[in-house]
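Chemist: The structure's right below; bear with me while I get my questions together.
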Amino acid sequence: MRVTEKKTAKRPAPAKTMDAYIATQAPDVRAALTKLRKQIRAAAPKAVEGISWGMPSFKLEGPLVGFAAFKEHLSFFPMSVEVMDAFGKEIELFRASKGTLRFTVERPLPAALVKKIVKARIAENKAVRTAKAGKAC
């Protein structure tokens with residue numbers, strides 16, 4: 001019996017920046033993610049961009065939101081079950097799990113919904129920070 005080496009396809013190195021992540025996507029996906037990024041940035045101009053858990057994310061007084069591209073869909077992660085639950089019927093067409101909204105290039109998330117979710121997350125993060133500051137006194 002002959003032992004052979006297992007050949008595996010090399011995966012590209014994970015992106016270190018949001019620009020690098022978006023640049024690796026197909027043109028239509030790149031356009032959809034760029035549009036989502038601009039919507040998030042408009043709702044949270046002071047948020048810091050980065051890569052967390054291997055995906056583009058924004059932070060403002062803690063984790064804010066993130067997004068990612070997959071083979072068959074795109075996902076938006078509000079990073080809060082409470083915020084997801086608060087939007088109920090408004091997100092039901094996009095809700096894939098407790099913490100994920102799934103959409104496609106052909107059926108993007110409405111800009112107004114993205115804005116409302118981001119603003120709700122900002123308020124939630126501020127409330128958590130305020131509560132922690134109150135306990136420290």
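By order of appearance in the structure tokens: chains A, B, ..., then residues from 1 within every chain, and ligands from 1 in the order shown.
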With a cut-off of 12 Å, could you pull out the residues of segment 12-66 of chain A touching segment 76-93 of chain A and give me the nearest pair of atoms for each, distance in Å to one decimal, using only C-alpha atoms, ordered by chain and ascending number, as CSV?

Modeler:
```
residue,atom,partner,partner_atom,distance
A:Ala32,CA,A:Phe76,CA,11.7
A:Leu33,CA,A:Phe76,CA,9.9
A:Leu36,CA,A:Phe76,CA,9.0
A:Arg37,CA,A:Phe76,CA,10.5
A:Ile40,CA,A:Phe76,CA,10.7
A:Ser52,CA,A:Phe77,CA,11.5
A:Trp53,CA,A:Phe77,CA,11.5
A:Met55,CA,A:Phe77,CA,10.0
A:Pro56,CA,A:Phe76,CA,10.0
A:Ser57,CA,A:Phe77,CA,8.8
A:Phe58,CA,A:Pro78,CA,10.1
A:Lys59,CA,A:Met79,CA,10.7
A:Gly62,CA,A:Met79,CA,10.2
A:Pro63,CA,A:Met79,CA,7.2
A:Leu64,CA,A:Met79,CA,6.6
A:Val65,CA,A:Pro78,CA,4.6
A:Gly66,CA,A:Phe77,CA,4.9
```

Chemist: What are the DSSP alpha helix (DSSP H) residues of segment 25-75 of chain A, as a compact mmCIF listing (two decimals) with N, CA and C atoms, in the first residue's frame?

Modeler:
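Saved the output as selection20.txt:
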```txt
# COMPACT_ATOMS: atom_id res chain seq x y z
N PRO A 27 -18.01 41.16 -8.47
CA PRO A 27 -18.43 42.55 -8.67
C PRO A 27 -19.82 42.90 -8.13
N ASP A 28 -20.82 42.05 -8.35
CA ASP A 28 -22.17 42.37 -7.86
C ASP A 28 -22.24 42.32 -6.33
N VAL A 29 -21.54 41.37 -5.74
CA VAL A 29 -21.49 41.26 -4.27
C VAL A 29 -20.71 42.44 -3.70
N ARG A 30 -19.61 42.78 -4.35
CA ARG A 30 -18.79 43.92 -3.92
C ARG A 30 -19.65 45.19 -3.89
N ALA A 31 -20.46 45.39 -4.91
CA ALA A 31 -21.32 46.57 -4.98
C ALA A 31 -22.36 46.55 -3.85
N ALA A 32 -22.95 45.39 -3.59
CA ALA A 32 -23.96 45.28 -2.52
C ALA A 32 -23.34 45.54 -1.15
N LEU A 33 -22.15 44.99 -0.91
CA LEU A 33 -21.49 45.19 0.38
C LEU A 33 -21.03 46.63 0.55
N THR A 34 -20.57 47.23 -0.52
CA THR A 34 -20.15 48.64 -0.47
C THR A 34 -21.34 49.53 -0.13
N LYS A 35 -22.48 49.24 -0.73
CA LYS A 35 -23.70 50.01 -0.45
C LYS A 35 -24.10 49.84 1.02
N LEU A 36 -24.07 48.62 1.53
CA LEU A 36 -24.41 48.36 2.93
C LEU A 36 -23.43 49.08 3.86
N ARG A 37 -22.16 49.02 3.53
CA ARG A 37 -21.14 49.71 4.32
C ARG A 37 -21.43 51.21 4.41
N LYS A 38 -21.80 51.82 3.28
CA LYS A 38 -22.12 53.25 3.26
C LYS A 38 -23.35 53.56 4.10
N GLN A 39 -24.34 52.67 4.07
CA GLN A 39 -25.55 52.86 4.87
C GLN A 39 -25.22 52.81 6.36
N ILE A 40 -24.38 51.85 6.74
CA ILE A 40 -23.98 51.73 8.14
C ILE A 40 -23.17 52.96 8.55
N ARG A 41 -22.24 53.34 7.71
CA ARG A 41 -21.39 54.51 7.99
C ARG A 41 -22.24 55.78 8.15
N ALA A 42 -23.28 55.94 7.31
CA ALA A 42 -24.15 57.10 7.41
C ALA A 42 -24.91 57.12 8.73
N ALA A 43 -25.31 55.96 9.21
CA ALA A 43 -26.05 55.87 10.47
C ALA A 43 -25.14 55.96 11.69
```

Chemist: Which is closest to Ala13 of chain A among A:Glu61, A:Gly54, A:Ala111, A:Ser75, if we use only C-alpha atoms?

Modeler: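 Of the candidates, the smallest distance to Ala13 of chain A is held by A:Gly54.
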
Chemist: Just give me the gap between atom CA of Lys119 of chain A and atom CA of Ala44 of chain A in Å, one decimal is fine.

Modeler: 7.4 Å

Chemist: Between A:Ala127, A:His73, A:Ala23, A:Pro14, which is the closest to Ile51 of chain A once you count only C-alpha atoms?

Modeler: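 Nearest candidate to Ile51 of chain A out of A:Ala127, A:His73, A:Ala23, A:Pro14: A:Pro14.
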